[in-house]
$ cat structure.tsv   # TSV, C-alpha atoms
chain	number	residue	atom	x	y	z
A	1	MET	CA	127.54	117.31	-133.34
A	2	GLY	CA	127.29	116.18	-136.93
A	3	SER	CA	125.19	116.04	-140.08
A	4	PHE	CA	122.27	113.68	-140.63
A	5	GLY	CA	123.17	110.00	-140.79
A	6	THR	CA	126.34	110.26	-138.70
A	7	GLY	CA	124.80	108.54	-135.66
A	8	LYS	CA	124.17	111.36	-133.21
A	9	THR	CA	121.02	109.81	-131.76
A	10	THR	CA	122.67	106.38	-131.76
A	11	LEU	CA	125.61	107.78	-129.79
A	12	GLY	CA	123.23	109.29	-127.25
A	13	LEU	CA	121.31	106.03	-126.80
A	14	GLN	CA	124.55	104.04	-126.53
A	15	PHE	CA	125.78	106.45	-123.86
A	16	LEU	CA	122.61	105.78	-121.87
A	17	MET	CA	122.83	102.02	-122.42
A	18	GLU	CA	126.29	102.06	-120.87
A	19	GLY	CA	124.88	103.88	-117.86
A	20	LEU	CA	121.99	101.44	-117.53
A	21	SER	CA	124.47	98.55	-117.61
A	22	GLN	CA	126.09	100.13	-114.56
A	23	ASP	CA	122.71	100.42	-112.80
A	24	GLU	CA	122.54	104.19	-113.32
A	25	HIS	CA	119.29	106.06	-113.81
A	26	CYS	CA	119.16	107.86	-117.17
A	27	ILE	CA	116.96	110.33	-119.07
A	28	PHE	CA	116.45	110.74	-122.83
A	29	ILE	CA	114.64	113.88	-124.03
A	30	SER	CA	113.71	114.03	-127.70
A	31	LEU	CA	112.52	117.05	-129.65
A	32	GLU	CA	112.20	115.09	-132.89
A	33	GLU	CA	111.23	111.44	-132.45
A	34	ASP	CA	108.33	110.20	-130.35
A	35	LYS	CA	108.75	107.58	-127.62
A	36	ASP	CA	107.79	104.62	-129.82
A	37	SER	CA	110.21	105.70	-132.55
A	38	VAL	CA	113.09	105.98	-130.05
A	39	LEU	CA	112.28	102.53	-128.66
A	40	LYS	CA	112.22	100.99	-132.15
A	41	ASN	CA	115.47	102.72	-133.06
A	42	ALA	CA	117.11	101.24	-129.96
A	43	VAL	CA	115.78	97.74	-130.71
A	44	SER	CA	117.48	97.86	-134.13
A	45	PHE	CA	120.80	97.85	-132.22
A	46	GLY	CA	119.72	95.12	-129.83
A	47	TRP	CA	118.88	97.53	-127.00
A	48	ASP	CA	115.57	96.79	-125.30
A	49	LEU	CA	114.70	99.98	-123.46
A	50	SER	CA	111.14	98.98	-122.59
A	51	GLU	CA	112.23	97.17	-119.42
A	52	PRO	CA	114.28	100.01	-117.90
A	53	VAL	CA	111.45	102.42	-118.82
A	54	ALA	CA	108.91	100.20	-117.04
A	55	LYS	CA	111.22	99.92	-114.00
A	56	LYS	CA	111.72	103.72	-114.02
A	57	LYS	CA	115.45	103.31	-114.55
A	58	LEU	CA	115.12	105.22	-117.82
A	59	GLY	CA	113.00	108.29	-118.40
A	60	LEU	CA	112.00	108.70	-122.06
A	61	PHE	CA	110.28	111.97	-122.98
A	62	LYS	CA	109.17	113.90	-126.05
A	63	LEU	CA	108.99	117.70	-126.05
A	64	GLU	CA	107.04	119.45	-128.78
A	65	PRO	CA	109.06	122.11	-130.67
A	66	SER	CA	105.77	123.41	-132.10
A	67	ASP	CA	104.70	124.55	-128.63
A	68	ALA	CA	107.79	126.65	-127.99
A	69	LYS	CA	106.55	128.65	-125.01
A	70	THR	CA	105.35	125.60	-123.05
A	71	THR	CA	108.50	123.61	-123.89
A	72	ILE	CA	110.89	126.35	-122.76
A	73	THR	CA	108.89	126.94	-119.58
A	74	ARG	CA	108.91	123.23	-118.74
A	75	ILE	CA	112.68	122.98	-119.27
A	76	ARG	CA	113.44	126.00	-117.10
A	77	SER	CA	111.06	125.17	-114.27
A	78	GLU	CA	110.97	121.38	-114.22
A	79	LEU	CA	114.18	119.93	-115.66
A	80	PRO	CA	116.65	120.41	-112.77
A	81	LYS	CA	114.18	119.17	-110.14
A	82	PHE	CA	113.13	116.23	-112.28
A	83	VAL	CA	116.69	115.10	-113.04
A	84	LYS	CA	117.56	115.20	-109.36
A	85	SER	CA	114.35	113.50	-108.17
A	86	PHE	CA	114.74	110.81	-110.84
A	87	GLY	CA	118.30	110.24	-109.64
A	88	ALA	CA	119.63	110.48	-113.20
A	89	LYS	CA	123.37	110.20	-113.68
A	90	ARG	CA	123.15	110.59	-117.47
A	91	VAL	CA	120.95	112.85	-119.61
A	92	VAL	CA	120.65	113.11	-123.39
A	93	ILE	CA	118.83	115.93	-125.22
A	94	ASP	CA	118.28	115.25	-128.92
A	95	SER	CA	118.65	117.88	-130.29
A	96	VAL	CA	119.49	121.40	-129.14
A	97	SER	CA	119.43	122.57	-132.78
A	98	LEU	CA	115.65	122.07	-132.81
A	99	LEU	CA	115.37	123.71	-129.40
A	100	ASN	CA	117.26	126.78	-130.62
A	101	MET	CA	114.99	127.10	-133.65
A	102	MET	CA	112.27	128.23	-131.23
A	103	PHE	CA	114.05	131.56	-130.75
A	104	GLN	CA	113.98	134.50	-133.12
A	105	ASN	CA	117.48	135.91	-132.66
A	106	ASP	CA	121.01	134.84	-131.77
A	107	SER	CA	120.94	136.64	-128.44
A	108	ASP	CA	117.95	134.62	-127.23
A	109	ARG	CA	119.44	131.40	-128.62
A	110	ARG	CA	122.75	132.02	-126.86
A	111	SER	CA	121.05	132.87	-123.56
A	112	ASN	CA	118.78	129.80	-123.74
A	113	LEU	CA	121.59	127.38	-124.53
A	114	PHE	CA	123.85	128.83	-121.84
A	115	ASN	CA	121.04	128.57	-119.28
A	116	LEU	CA	120.26	125.00	-120.35
A	117	CYS	CA	123.89	123.95	-119.88
A	118	GLN	CA	124.00	125.63	-116.48
A	119	LEU	CA	120.79	123.89	-115.43
A	120	LEU	CA	122.17	120.51	-116.45
A	121	ARG	CA	125.48	121.13	-114.69
A	122	SER	CA	123.60	122.00	-111.50
A	123	THR	CA	122.05	118.51	-111.44
A	124	GLY	CA	125.43	116.76	-111.30
A	125	ALA	CA	124.45	114.51	-114.21
A	126	THR	CA	126.68	113.93	-117.24
A	127	SER	CA	124.85	115.18	-120.30
A	128	ILE	CA	125.05	114.80	-124.06
A	129	LEU	CA	123.35	117.40	-126.24
A	130	THR	CA	123.24	116.56	-129.94
A	131	ALA	CA	123.43	119.30	-132.57
A	132	GLU	CA	123.24	119.61	-136.34
A	133	VAL	CA	126.11	121.20	-138.28
A	134	LYS	CA	126.07	123.81	-141.04
A	135	ASP	CA	126.05	122.49	-144.61
A	136	GLU	CA	128.67	125.04	-145.63
A	137	ASN	CA	130.83	124.49	-142.55
A	138	PRO	CA	130.53	120.95	-141.10
A	139	ARG	CA	132.87	121.82	-138.24
A	140	SER	CA	130.38	124.33	-136.82
A	141	SER	CA	126.98	123.73	-135.26
A	142	ARG	CA	123.99	125.09	-137.14
A	143	ASP	CA	123.69	128.13	-134.88
A	144	GLY	CA	127.40	128.36	-134.06
A	145	LEU	CA	126.66	128.32	-130.33
A	146	ALA	CA	126.67	124.76	-129.03
A	147	GLU	CA	130.43	124.31	-129.28
A	148	TYR	CA	131.06	127.37	-127.09
A	149	THR	CA	128.65	126.54	-124.27
A	150	ALA	CA	129.45	122.82	-123.93
A	151	ASP	CA	132.39	121.47	-121.91
A	152	GLY	CA	133.22	118.97	-124.65
A	153	VAL	CA	132.57	118.66	-128.39
A	154	LEU	CA	132.65	115.48	-130.48
A	155	LEU	CA	132.47	116.00	-134.23
A	156	LEU	CA	130.92	113.19	-136.26
A	157	GLN	CA	131.52	113.49	-139.99
A	158	SER	CA	130.75	111.64	-143.18
A	159	ASP	CA	133.73	112.02	-145.53
A	160	GLU	CA	133.80	110.90	-149.16
A	161	ASP	CA	136.97	109.91	-150.98
A	162	ARG	CA	136.95	111.82	-154.28
A	163	GLU	CA	138.68	109.09	-156.24
A	164	SER	CA	136.94	105.94	-155.00
A	165	GLY	CA	133.65	107.50	-153.94
A	166	GLU	CA	133.91	105.53	-150.69
A	167	VAL	CA	132.21	107.15	-147.71
A	168	GLN	CA	133.90	106.96	-144.33
A	169	LEU	CA	132.51	108.03	-140.98
A	170	THR	CA	135.03	109.85	-138.78
A	171	VAL	CA	135.08	111.21	-135.26
A	172	ARG	CA	137.34	113.72	-133.57
A	173	VAL	CA	137.39	115.45	-130.20
A	174	LEU	CA	137.31	119.17	-130.92
A	175	LYS	CA	137.14	120.23	-127.30
A	176	MET	CA	137.20	118.67	-123.84
A	177	ARG	CA	137.63	121.07	-120.93
A	178	ARG	CA	139.96	120.11	-118.09
A	179	THR	CA	140.95	116.87	-119.84
A	180	ALA	CA	143.97	116.01	-122.00
A	181	HIS	CA	142.77	114.34	-125.20
A	182	SER	CA	143.87	113.25	-128.64
A	183	ARG	CA	143.02	115.51	-131.59
A	184	ARG	CA	143.50	112.77	-134.18
A	185	VAL	CA	140.69	111.92	-136.59
A	186	LYS	CA	139.52	108.31	-136.24
A	187	PRO	CA	137.14	106.25	-138.39
A	188	TYR	CA	134.09	104.61	-136.89
A	189	SER	CA	131.30	102.31	-137.98
A	190	ILE	CA	127.62	102.15	-137.12
A	191	THR	CA	127.12	98.42	-136.56
A	192	ASN	CA	124.21	96.24	-135.50
A	193	SER	CA	125.32	96.71	-131.91
A	194	GLY	CA	125.97	100.47	-132.04
A	195	ILE	CA	128.92	102.75	-132.79
A	196	VAL	CA	132.40	101.22	-132.91
A	197	VAL	CA	135.42	103.54	-133.11
A	198	HIS	CA	138.42	102.02	-134.90
A	199	ALA	CA	141.06	103.56	-132.66
A	200	GLY	CA	143.95	101.72	-134.30
A	201	ALA	CA	143.02	102.69	-137.86
A	202	ASP	CA	143.68	105.78	-139.93
A	203	VAL	CA	141.27	107.65	-142.21
A	204	PHE	CA	141.38	106.81	-145.89
$ encode --input "structure.tsv" --output "structure tokens"
Amino acid sequence: MGSFGTGKTTLGLQFLMEGLSQDEHCIFISLEEDKDSVLKNAVSFGWDLSEPVAKKKLGLFKLEPSDAKTTITRIRSELPKFVKSFGAKRVVIDSVSLLNMMFQNDSDRRSNLFNLCQLLRSTGATSILTAEVKDENPRSSRDGLAEYTADGVLLLQSDEDRESGEVQLTVRVLKMRRTAHSRRVKPYSITNSGIVVHAGADVF
């Protein structure tokens, strides 16, 4: 999860590209960008997704947040079967913040997100769900729910040095169930070939 411009969609696409390189079937579901926009975004990093889409190695889909009832019904009834029938090992949903905006209250949002995570777990696929953060609290998702329902949470941040005005992108693992992990903050760059984490460097 992270604010705009921190590379959430890029991370999701890069995650799928790694799977495709290992001959895995993958699915990308967007609630914001249409198929052509996602393809163009990938090309800017040197990732040609048109071939795996044509060969049905990659499923690329757009759900319409404006048609909330139809979108929710499709996810609940079709997603698990489709992921399994497609043989997908990796799934990205970009973003659950838009999905949760379809619901009127926190109870419905919490129930929907919990059910979505359970549906994805039942498929056996490894999934990434991107989420926006709160402006007033960049360590919390916009609805404050995503970090509690997910098994792991990566926080992407854009930090500005007050003295120099330099902006630095940083990543940290806030949570990773059943896995020992570092809690150190590490800088990263969004390059022409995707996200590169500078594991040996320190922030500012």
$ atom_distance --input "structure.tsv" --atom1 "CA of Lys175 in chain A" --atom2 "CA of Ser30 in chain A"
24.2 Å
$ residues_around --input "structure.tsv" --residues "Ser182 in chain A" --least-positions-apart "5" --cutoff "10 Å" --atoms "all atoms listed in the file" --output "list in words"
Arg172, Val173, Leu174, Lys175 and Met176 of chain A
$ residues_around --input "structure.tsv" --residues "range 128-130 of chain A" --least-positions-apart "3" --cutoff "9 Å" --atoms "only C-alpha atoms" --output "NGL selection string"
:A and (1-2 or 8-9 or 12 or 15 or 90-97 or 146 or 150)
$ residues_around --input "structure.tsv" --residues "Arg110 in chain A" --least-positions-apart "3" --cutoff "9 Å" --atoms "only C-alpha atoms" --output "PyMOL selection string"
chain A and resi 100+105-107+113-115+143+145-146+149
$ closest_residue --input "structure.tsv" --among "A:Arg142, A:Lys62, A:Ser44, A:Arg121" --to "Val83 in chain A" --atoms "all atoms listed in the file"
A:Arg121
$ closest_residue --input "structure.tsv" --among "A:Val38, A:Leu20, A:Val43, A:Ser122" --to "Gly194 in chain A" --atoms "only C-alpha atoms"
A:Val43
$ atom_distance --input "structure.tsv" --atom1 "CA of Leu63 in chain A" --atom2 "CA of Ile75 in chain A"
9.4 Å
$ closest_residue --input "structure.tsv" --among "A:Val171, A:Ile27, A:Ala131, A:Leu156" --to "Lys56 in chain A" --atoms "all atoms listed in the file"
A:Ile27
$ residues_around --input "structure.tsv" --residues "Ala201 in chain A" --least-positions-apart "2" --cutoff "7 Å" --atoms "all atoms listed in the file" --output "list of chain:residue names"
A:Lys186, A:Pro187, A:His198, A:Ala199, A:Val203
$ closest_residue --input "structure.tsv" --among "A:Thr10, A:Ser127, A:Thr179, A:Asn137" --to "Ala42 in chain A" --atoms "only C-alpha atoms"
A:Thr10
$ atom_distance --input "structure.tsv" --atom1 "CA of Leu39 in chain A" --atom2 "CA of Leu16 in chain A"
12.8 Å
$ closest_residue --input "structure.tsv" --among "A:Gln22, A:Ser50, A:Gln104, A:Gln14" --to "Val196 in chain A" --atoms "only C-alpha atoms"
A:Gln14
$ axis_aligned_box --input "structure.tsv" --around "range 50-65 of chain A" --padding-each-side "5 Å" --output "lines of an AutoDock Vina configuration file"
center_x = 111.2
center_y = 109.6
center_z = -122.3
size_x = 18.4
size_y = 34.9
size_z = 26.7
$ closest_residue --input "structure.tsv" --among "A:Thr126, A:Ser85, A:Ser140, A:Thr71" --to "Leu31 in chain A" --atoms "all atoms listed in the file"
A:Thr71
$ residues_near_point --input "structure.tsv" --point "(119.1, 111.1, -106.4)" --cutoff "12 Å" --atoms "only C-alpha atoms" --output "list in words"
Glu24, His25, Cys26, Lys57, Pro80, Lys81, Phe82, Val83, Lys84, Ser85, Phe86, Gly87, Ala88, Lys89, Arg90, Thr123, Gly124 and Ala125 of chain A
$ build_atoms --input "structure.tsv" --residues "range 46-60 of chain A" --atoms "N, CA and C atoms" --output "JSON list (two decimals), in the coordinates of the input"
[["chain", "number", "residue", "atom", "x", "y", "z"],
["A", 46, "GLY", "N", 119.74, 96.16, -130.86],
["A", 46, "GLY", "CA", 119.72, 95.12, -129.83],
["A", 46, "GLY", "C", 119.53, 95.66, -128.43],
["A", 47, "TRP", "N", 119.07, 96.90, -128.31],
["A", 47, "TRP", "CA", 118.88, 97.53, -127.00],
["A", 47, "TRP", "C", 117.40, 97.58, -126.67],
["A", 48, "ASP", "N", 116.96, 96.79, -125.74],
["A", 48, "ASP", "CA", 115.57, 96.79, -125.30],
["A", 48, "ASP", "C", 115.41, 97.78, -124.15],
["A", 49, "LEU", "N", 114.85, 98.94, -124.47],
["A", 49, "LEU", "CA", 114.70, 99.98, -123.46],
["A", 49, "LEU", "C", 113.36, 99.91, -122.73],
["A", 50, "SER", "N", 112.46, 99.04, -123.19],
["A", 50, "SER", "CA", 111.14, 98.98, -122.59],
["A", 50, "SER", "C", 111.20, 98.55, -121.12],
["A", 51, "GLU", "N", 112.11, 97.64, -120.81],
["A", 51, "GLU", "CA", 112.23, 97.17, -119.42],
["A", 51, "GLU", "C", 112.72, 98.25, -118.48],
["A", 52, "PRO", "N", 113.85, 98.94, -118.80],
["A", 52, "PRO", "CA", 114.28, 100.01, -117.90],
["A", 52, "PRO", "C", 113.27, 101.16, -117.81],
["A", 53, "VAL", "N", 112.49, 101.40, -118.88],
["A", 53, "VAL", "CA", 111.45, 102.42, -118.82],
["A", 53, "VAL", "C", 110.37, 101.99, -117.83],
["A", 54, "ALA", "N", 109.95, 100.72, -117.94],
["A", 54, "ALA", "CA", 108.91, 100.20, -117.04],
["A", 54, "ALA", "C", 109.38, 100.21, -115.58],
["A", 55, "LYS", "N", 110.67, 99.95, -115.36],
["A", 55, "LYS", "CA", 111.22, 99.92, -114.00],
["A", 55, "LYS", "C", 111.64, 101.30, -113.51],
["A", 56, "LYS", "N", 111.38, 102.33, -114.36],
["A", 56, "LYS", "CA", 111.72, 103.72, -114.02],
["A", 56, "LYS", "C", 113.22, 103.91, -113.80],
["A", 57, "LYS", "N", 114.00, 103.10, -114.51],
["A", 57, "LYS", "CA", 115.45, 103.31, -114.55],
["A", 57, "LYS", "C", 115.79, 104.31, -115.66],
["A", 58, "LEU", "N", 114.93, 104.34, -116.68],
["A", 58, "LEU", "CA", 115.12, 105.22, -117.82],
["A", 58, "LEU", "C", 113.87, 106.07, -118.03],
["A", 59, "GLY", "N", 114.08, 107.38, -118.08],
["A", 59, "GLY", "CA", 113.00, 108.29, -118.40],
["A", 59, "GLY", "C", 113.09, 108.67, -119.87],
["A", 60, "LEU", "N", 112.02, 108.45, -120.62],
["A", 60, "LEU", "CA", 112.00, 108.70, -122.06],
["A", 60, "LEU", "C", 110.89, 109.70, -122.35]]
